[in-house]
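Trainee: Next up, entry-v9.cif (mmCIF, C-alpha atoms).
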```
data_coords
loop_
_atom_site.label_atom_id
_atom_site.label_comp_id
_atom_site.auth_asym_id
_atom_site.auth_seq_id
_atom_site.Cartn_x
_atom_site.Cartn_y
_atom_site.Cartn_z
CA MET Q 1150 0.00 0.00 0.00
CA ILE Q 1151 1.33 3.38 -1.01
CA THR Q 1152 1.27 5.87 1.81
CA LYS Q 1153 1.44 9.59 1.41
CA PRO Q 1154 4.70 10.92 2.81
CA THR Q 1155 4.30 13.21 5.76
CA ALA Q 1156 5.77 16.69 5.46
CA CYS Q 1157 8.61 17.38 7.80
CA PRO Q 1158 8.50 20.86 9.29
CA LEU Q 1159 11.44 22.93 8.21
CA ALA Q 1160 13.55 24.65 10.78
CA PRO Q 1161 13.19 28.40 10.68
CA GLY Q 1162 15.83 29.88 8.43
CA PRO Q 1163 17.30 33.36 8.19
CA LEU Q 1164 14.32 34.67 6.21
CA GLU Q 1165 11.85 33.58 8.88
CA GLU Q 1166 14.03 35.05 11.61
CA TYR Q 1167 14.29 38.37 9.77
CA ALA Q 1168 10.52 38.45 9.22
CA ALA Q 1169 9.89 37.73 12.90
CA GLY Q 1170 12.34 40.45 13.93
CA LEU Q 1171 10.73 42.98 11.58
CA ALA Q 1172 7.26 42.10 12.85
CA LEU Q 1173 8.49 42.62 16.42
CA HIS Q 1174 9.92 46.03 15.49
CA LEU Q 1175 6.62 47.05 13.88
CA LYS Q 1176 4.60 45.88 16.88
CA GLN Q 1177 6.77 47.86 19.30
CA ASP Q 1178 7.56 50.96 17.24
CA LEU Q 1179 4.47 51.57 15.10
CA PRO Q 1180 2.15 52.80 17.93
CA PRO Q 1181 4.46 55.68 19.01
CA THR Q 1182 4.94 56.82 15.41
CA LEU Q 1183 1.24 56.62 14.57
CA SER Q 1184 0.34 58.49 17.76
CA LEU Q 1185 2.86 61.21 16.92
CA VAL Q 1186 1.81 61.53 13.27
CA ILE Q 1187 -1.95 61.54 13.85
CA GLY Q 1188 -1.82 64.02 16.73
CA GLY Q 1189 0.68 66.28 14.98
CA VAL Q 1190 -1.35 66.36 11.75
CA ILE Q 1191 -4.56 67.23 13.60
CA ILE Q 1192 -2.89 70.06 15.52
CA TRP Q 1193 -1.13 71.63 12.55
CA LEU Q 1194 -4.27 71.44 10.39
CA VAL Q 1195 -6.50 73.01 13.05
CA VAL Q 1196 -4.00 75.75 13.93
CA GLY Q 1197 -2.70 76.36 10.41
CA LEU Q 1198 -6.08 76.50 8.69
CA SER Q 1199 -7.74 78.54 11.44
CA VAL Q 1200 -5.00 81.17 11.62
CA GLY Q 1201 -4.61 81.26 7.83
CA ILE Q 1202 -8.34 81.80 7.22
CA LEU Q 1203 -8.55 84.52 9.88
CA SER Q 1204 -5.46 86.23 8.44
CA ALA Q 1205 -6.92 86.18 4.93
CA THR Q 1206 -10.30 87.55 5.99
CA ARG Q 1207 -8.63 90.22 8.13
CA SER Q 1208 -5.83 91.14 5.77
CA ARG Q 1209 -3.46 93.91 6.95
CA SER Q 1210 -5.01 93.89 10.43
CA LEU Q 1211 -3.04 93.59 13.67
CA PHE Q 1212 -3.92 89.90 13.86
CA ASP Q 1213 -2.64 89.38 10.33
CA ARG Q 1214 0.67 91.08 11.10
CA LEU Q 1215 1.16 89.16 14.34
CA SER Q 1216 0.37 85.86 12.60
CA ASN Q 1217 2.93 86.67 9.90
CA VAL Q 1218 5.56 87.22 12.59
CA ALA Q 1219 4.60 83.90 14.22
CA VAL Q 1220 4.83 82.16 10.84
CA LEU Q 1221 8.32 83.52 10.26
CA ILE Q 1222 9.42 82.33 13.71
CA GLY Q 1223 7.92 78.88 13.12
CA LEU Q 1224 9.63 78.55 9.75
CA SER Q 1225 12.98 79.72 11.12
CA LEU Q 1226 13.31 77.40 14.11
CA PRO Q 1227 14.54 73.83 13.51
CA VAL Q 1228 12.42 71.04 14.93
CA PHE Q 1229 15.03 69.91 17.46
CA VAL Q 1230 15.35 73.48 18.79
CA ILE Q 1231 11.59 73.70 19.33
CA GLY Q 1232 11.65 70.36 21.16
CA GLU Q 1233 14.55 71.31 23.42
CA VAL Q 1234 12.97 74.68 24.21
CA LEU Q 1235 9.69 73.01 25.18
CA ILE Q 1236 11.54 70.60 27.45
CA LEU Q 1237 13.45 73.42 29.18
CA VAL Q 1238 10.54 75.88 29.36
CA VAL Q 1239 7.58 73.55 30.00
CA PHE Q 1240 8.64 70.06 31.08
CA VAL Q 1241 11.41 70.90 33.55
CA PRO Q 1242 9.63 73.76 35.44
CA LEU Q 1243 6.37 71.82 35.73
CA ASN Q 1244 8.09 68.74 37.13
CA GLN Q 1245 10.13 70.86 39.53
CA HIS Q 1246 6.86 72.24 40.92
CA GLY Q 1247 5.36 68.76 41.30
CA ILE Q 1248 3.18 68.82 38.17
CA THR Q 1249 4.07 65.49 36.59
CA TRP Q 1250 1.31 65.15 34.02
CA ILE Q 1251 3.56 66.19 31.12
CA GLN Q 1252 6.34 63.63 30.65
CA THR Q 1253 8.83 62.50 28.03
CA GLY Q 1254 8.98 58.98 26.60
CA TYR Q 1255 6.01 57.08 25.28
CA ALA Q 1256 2.97 55.79 27.14
CA GLY Q 1257 0.33 53.89 25.17
CA ILE Q 1258 -3.31 54.87 25.09
CA THR Q 1259 -4.08 51.65 26.97
CA GLN Q 1260 -2.50 53.26 30.05
CA GLY Q 1261 -5.19 55.93 29.99
CA ILE Q 1262 -6.03 58.79 27.65
CA GLY Q 1263 -4.76 61.39 30.12
CA THR Q 1264 -1.42 59.64 30.50
CA TRP Q 1265 -1.12 59.17 26.74
CA VAL Q 1266 -1.85 62.84 26.04
CA GLY Q 1267 0.54 63.93 28.78
CA HIS Q 1268 3.40 62.03 27.14
CA MET Q 1269 2.50 63.12 23.59
CA ILE Q 1270 1.46 66.77 23.93
CA LEU Q 1271 4.99 68.23 23.69
CA PRO Q 1272 6.00 65.98 20.74
CA TRP Q 1273 2.76 66.93 18.99
CA ILE Q 1274 3.45 70.63 19.41
CA THR Q 1275 7.06 70.18 18.28
CA LEU Q 1276 6.05 68.31 15.13
CA ALA Q 1277 3.16 70.65 14.35
CA ALA Q 1278 4.89 74.01 14.92
CA THR Q 1279 6.77 74.28 11.63
CA GLU Q 1280 4.04 72.59 9.59
CA ALA Q 1281 1.36 74.86 11.07
CA ALA Q 1282 3.39 77.86 9.93
CA ILE Q 1283 3.64 76.41 6.42
CA TYR Q 1284 -0.10 75.71 6.21
CA THR Q 1285 -0.97 79.13 7.63
CA ARG Q 1286 1.00 80.84 4.87
CA LEU Q 1287 -0.36 78.46 2.22
CA ILE Q 1288 -4.05 78.78 3.05
CA ARG Q 1289 -3.74 82.55 3.56
CA GLY Q 1290 -2.22 83.08 0.12
CA GLN Q 1291 -4.65 80.76 -1.63
CA LEU Q 1292 -7.69 82.22 0.10
CA LEU Q 1293 -6.66 85.79 -0.70
CA ASP Q 1294 -6.34 84.85 -4.38
CA THR Q 1295 -9.66 83.02 -4.34
CA LEU Q 1296 -11.55 85.87 -2.67
CA GLY Q 1297 -10.46 88.12 -5.55
CA GLU Q 1298 -12.07 85.88 -8.20
CA ASP Q 1299 -15.08 87.00 -10.25
CA TYR Q 1300 -17.40 84.29 -8.93
CA ILE Q 1301 -16.74 85.47 -5.36
CA ARG Q 1302 -17.78 89.02 -6.31
CA THR Q 1303 -20.87 87.53 -8.00
CA ALA Q 1304 -21.77 85.62 -4.82
CA ARG Q 1305 -21.44 88.80 -2.79
CA SER Q 1306 -23.56 90.77 -5.26
CA LYS Q 1307 -26.35 88.21 -4.83
CA GLY Q 1308 -26.59 89.14 -1.16
CA LEU Q 1309 -24.95 86.08 0.37
CA SER Q 1310 -23.54 86.56 3.84
CA GLU Q 1311 -19.78 87.07 4.11
CA ARG Q 1312 -19.44 83.91 6.21
CA ARG Q 1313 -21.15 81.83 3.53
CA VAL Q 1314 -19.10 83.42 0.76
CA VAL Q 1315 -15.84 82.72 2.58
CA PHE Q 1316 -16.49 79.19 3.83
CA ARG Q 1317 -18.87 77.85 1.17
CA HIS Q 1318 -17.09 79.22 -1.88
CA GLY Q 1319 -13.69 80.61 -0.89
CA VAL Q 1320 -12.25 78.09 1.57
CA ARG Q 1321 -13.46 75.09 -0.37
CA ALA Q 1322 -11.64 76.22 -3.52
CA ALA Q 1323 -8.53 77.27 -1.58
CA LEU Q 1324 -8.19 73.86 0.10
CA THR Q 1325 -7.13 72.01 -3.07
CA PRO Q 1326 -3.41 72.92 -2.88
CA VAL Q 1327 -3.54 72.38 0.88
CA VAL Q 1328 -4.71 68.81 0.35
CA SER Q 1329 -1.92 68.28 -2.18
CA GLN Q 1330 0.66 69.52 0.33
CA LEU Q 1331 -0.85 67.36 3.07
CA GLY Q 1332 -0.46 64.24 0.95
CA VAL Q 1333 3.21 64.99 0.40
CA ASP Q 1334 3.84 65.82 4.07
CA VAL Q 1335 2.06 62.79 5.51
CA GLY Q 1336 3.82 60.50 3.06
CA ALA Q 1337 7.20 61.89 4.10
CA LEU Q 1338 6.51 61.94 7.84
CA LEU Q 1339 8.04 58.50 8.46
CA GLY Q 1340 11.44 60.10 8.04
CA GLY Q 1341 10.47 63.48 9.41
CA VAL Q 1342 9.50 62.24 12.86
CA VAL Q 1343 13.00 60.91 13.61
CA VAL Q 1344 14.17 64.11 15.29
CA VAL Q 1345 11.07 64.40 17.46
CA GLU Q 1346 11.28 60.74 18.49
CA VAL Q 1347 14.94 61.13 19.48
CA VAL Q 1348 14.44 64.40 21.40
CA PHE Q 1349 11.56 63.03 23.48
CA GLY Q 1350 12.70 59.41 23.64
CA LEU Q 1351 9.59 57.97 22.01
CA GLY Q 1352 11.39 55.07 20.33
CA GLY Q 1353 9.24 54.94 17.18
CA LEU Q 1354 9.85 53.72 13.64
CA GLY Q 1355 12.03 56.64 12.64
CA GLN Q 1356 14.44 56.21 15.53
CA THR Q 1357 14.61 52.46 14.94
CA ALA Q 1358 15.28 53.02 11.22
CA VAL Q 1359 18.21 55.32 12.02
CA GLU Q 1360 19.65 52.76 14.44
CA SER Q 1361 19.25 50.03 11.80
CA VAL Q 1362 21.16 52.12 9.26
CA SER Q 1363 24.02 52.67 11.70
CA LYS Q 1364 24.13 48.93 12.47
CA GLY Q 1365 23.80 47.88 8.83
CA ASP Q 1366 20.64 45.85 9.57
CA LEU Q 1367 19.58 45.46 5.92
CA PRO Q 1368 16.32 43.46 6.40
CA VAL Q 1369 14.93 46.04 8.82
CA ILE Q 1370 15.99 48.88 6.50
CA LEU Q 1371 14.23 47.22 3.57
CA GLY Q 1372 11.13 46.62 5.66
CA PHE Q 1373 10.92 50.25 6.75
CA THR Q 1374 11.54 51.42 3.17
CA ILE Q 1375 8.60 49.34 1.95
CA LEU Q 1376 6.46 50.67 4.80
CA ALA Q 1377 7.39 54.26 3.87
CA ALA Q 1378 6.42 53.55 0.25
CA ILE Q 1379 3.06 52.22 1.44
CA PHE Q 1380 2.54 55.42 3.46
CA VAL Q 1381 3.20 57.52 0.36
CA VAL Q 1382 0.84 55.47 -1.84
CA VAL Q 1383 -1.99 55.52 0.70
CA ALA Q 1384 -1.55 59.26 1.28
CA ASN Q 1385 -1.80 59.97 -2.46
CA ILE Q 1386 -4.89 57.79 -2.80
CA VAL Q 1387 -6.58 59.72 0.01
CA VAL Q 1388 -5.56 63.01 -1.66
CA ASP Q 1389 -7.13 61.93 -4.96
CA MET Q 1390 -10.36 61.06 -3.13
CA MET Q 1391 -10.37 64.41 -1.36
CA TYR Q 1392 -10.06 66.20 -4.72
CA ALA Q 1393 -13.41 64.75 -5.73
CA VAL Q 1394 -14.97 66.01 -2.50
CA LEU Q 1395 -13.58 69.54 -2.75
CA ASP Q 1396 -13.92 70.11 -6.50
CA PRO Q 1397 -17.16 68.90 -8.15
CA ARG Q 1398 -15.43 68.98 -11.55
CA VAL Q 1399 -13.19 66.09 -10.47
CA ARG Q 1400 -14.56 62.57 -10.87
CA ILE Q 1401 -12.92 59.36 -9.68
CA THR Q 1402 -12.98 56.79 -12.48
#
```
Go through the file and emit its structure as structure tokens.

Mentor:
Amino acid sequence: MITKPTACPLAPGPLEEYAAGLALHLKQDLPPTLSLVIGGVIIWLVVGLSVGILSATRSRSLFDRLSNVAVLIGLSLPVFVIGEVLILVVFVPLNQHGITWIQTGYAGITQGIGTWVGHMILPWITLAATEAAIYTRLIRGQLLDTLGEDYIRTARSKGLSERRVVFRHGVRAALTPVVSQLGVDVGALLGGVVVVEVVFGLGGLGQTAVESVSKGDLPVILGFTILAAIFVVVANIVVDMMYAVLDPRVRIT
């Protein structure tokens, strides 16, 4: 009688070991990086768009001039300088006075939302400061150009309220280049968060990638490169979908 040979399990080779090591790195380092990126993006969008829209609608006012000064400061300061200043000005004095809510390092959201926010608030501000300045300048310039278009004057002549003219017609058209810039920035953030992770000791993907490069750990480098490419592709897909939402002339086919 012919019997079917039983398959002998193969001993894990180098490829399996590399895959297991990469999976372990992703499990440990992806949460800090995602927390940093998501929180930083939300802060810089809220601050950048809000200040930019107010500056455009109040052009040449005191608020507009002060926001321009703040934008120049934000664009001039390197990320690591902003992080170190926040540690010296906020973290150290608060802890010296017994206020220990704000801390460095990473604490997962499973340890409590308050603890998670306390560990991430300074990294979020550090990451968002320069980008908020960029988005403030971008949305201000685009909205000023848009508010000078003929269809905006037509909307005003029809008796529409200024709020509706600005937000329904002006902001929506001015957001298209902002969405394009956001897709580029989010796709490149995997490398851009390295400085913030090192300054605050978060230990995310960026910091691990730098350590892998210094050690010559090729499998981990390749894995992070593929992950960065995935980030870029997903970000551009989301941008294309947002175009269809903002501009009715665009159709996804």

Trainee: Determine the nearest neighbour of Phe1380 in chain Q from the options Q:Ser1363, Q:Gly1352, Q:Thr1295, Q:Asp1334, counting only C-alpha atoms.

Mentor: Q:Asp1334

Trainee: Could you tell me which residues the PyMOL selection byres ((chain Q and resi 1221) around 12) grabs in this file, written as a PyMOL selection string?

Mentor: chain Q and resi 1214-1220+1222-1227+1278-1283+1285-1286

Trainee: Can I get the selection written as a PDB file, in the frame of the given file, with C-alpha atoms?

Mentor:
```pdb
ATOM      1  CA  ARG Q1214       0.670  91.080  11.100  1.00  0.00           C
ATOM      2  CA  LEU Q1215       1.160  89.160  14.340  1.00  0.00           C
ATOM      3  CA  SER Q1216       0.370  85.860  12.600  1.00  0.00           C
ATOM      4  CA  ASN Q1217       2.930  86.670   9.900  1.00  0.00           C
ATOM      5  CA  VAL Q1218       5.560  87.220  12.590  1.00  0.00           C
ATOM      6  CA  ALA Q1219       4.600  83.900  14.220  1.00  0.00           C
ATOM      7  CA  VAL Q1220       4.830  82.160  10.840  1.00  0.00           C
ATOM      8  CA  ILE Q1222       9.420  82.330  13.710  1.00  0.00           C
ATOM      9  CA  GLY Q1223       7.920  78.880  13.120  1.00  0.00           C
ATOM     10  CA  LEU Q1224       9.630  78.550   9.750  1.00  0.00           C
ATOM     11  CA  SER Q1225      12.980  79.720  11.120  1.00  0.00           C
ATOM     12  CA  LEU Q1226      13.310  77.400  14.110  1.00  0.00           C
ATOM     13  CA  PRO Q1227      14.540  73.830  13.510  1.00  0.00           C
ATOM     14  CA  ALA Q1278       4.890  74.010  14.920  1.00  0.00           C
ATOM     15  CA  THR Q1279       6.770  74.280  11.630  1.00  0.00           C
ATOM     16  CA  GLU Q1280       4.040  72.590   9.590  1.00  0.00           C
ATOM     17  CA  ALA Q1281       1.360  74.860  11.070  1.00  0.00           C
ATOM     18  CA  ALA Q1282       3.390  77.860   9.930  1.00  0.00           C
ATOM     19  CA  ILE Q1283       3.640  76.410   6.420  1.00  0.00           C
ATOM     20  CA  THR Q1285      -0.970  79.130   7.630  1.00  0.00           C
ATOM     21  CA  ARG Q1286       1.000  80.840   4.870  1.00  0.00           C
TER      22      ARG Q1286
END
```

Trainee: Show me, as a list in words, the residues that have an atom within 10 Å of Val1266 in chain Q when counting all atoms listed in the file, minus same-chain residues fewer than 5 positions from it.

Mentor: Ser1184, Gly1188, Trp1250, Ile1251, Gln1252, Tyr1255, Ala1256, Gly1257, Ile1258, Gly1261, Leu1271, Pro1272 and Trp1273 of chain Q

Trainee: I'd like the residues picked by the PyMOL selection byres ((chain Q and resi 1331) around 10) written out as an MDAnalysis selection string, using the chain letters and numbers from the file.

Mentor: chainID Q and resid 1190 1194 1280 1284 1325:1330 1332:1337 1384:1385 1388

Trainee: Could you save the residues just selected, with C-alpha atoms, as a compact mmCIF listing (two decimals), keeping the file's coordinate frame?

Mentor:
```txt
# COMPACT_ATOMS: atom_id res chain seq x y z
CA VAL Q 1190 -1.35 66.36 11.75
CA LEU Q 1194 -4.27 71.44 10.39
CA GLU Q 1280 4.04 72.59 9.59
CA TYR Q 1284 -0.10 75.71 6.21
CA THR Q 1325 -7.13 72.01 -3.07
CA PRO Q 1326 -3.41 72.92 -2.88
CA VAL Q 1327 -3.54 72.38 0.88
CA VAL Q 1328 -4.71 68.81 0.35
CA SER Q 1329 -1.92 68.28 -2.18
CA GLN Q 1330 0.66 69.52 0.33
CA GLY Q 1332 -0.46 64.24 0.95
CA VAL Q 1333 3.21 64.99 0.40
CA ASP Q 1334 3.84 65.82 4.07
CA VAL Q 1335 2.06 62.79 5.51
CA GLY Q 1336 3.82 60.50 3.06
CA ALA Q 1337 7.20 61.89 4.10
CA ALA Q 1384 -1.55 59.26 1.28
CA ASN Q 1385 -1.80 59.97 -2.46
CA VAL Q 1388 -5.56 63.01 -1.66
```

Trainee: Per residue of range 1332-1395 of chain Q within 8 Å of range 1178-1181 of chain Q, what are the shortest atom pair and its distance in Å to one decimal, counting only C-alpha atoms, with rows by chain and residue number, as JSON lines?

Mentor:
```
{"residue": "Q:Leu1351", "atom": "CA", "partner": "Q:Pro1181", "partner_atom": "CA", "distance": 6.4}
{"residue": "Q:Gly1352", "atom": "CA", "partner": "Q:Asp1178", "partner_atom": "CA", "distance": 6.4}
{"residue": "Q:Gly1353", "atom": "CA", "partner": "Q:Asp1178", "partner_atom": "CA", "distance": 4.3}
{"residue": "Q:Leu1354", "atom": "CA", "partner": "Q:Asp1178", "partner_atom": "CA", "distance": 5.1}
{"residue": "Q:Thr1357", "atom": "CA", "partner": "Q:Asp1178", "partner_atom": "CA", "distance": 7.6}
```

Trainee: So that I can see what lies close to range 1300-1303 of chain Q, please list as a ChimeraX atom specification the residues with an atom at most 9 Å from it, counting all atoms listed in the file and leaving out residues fewer than 2 positions away in the same chain.

Mentor: /Q:1295-1298,1305-1307,1314-1315,1318-1319
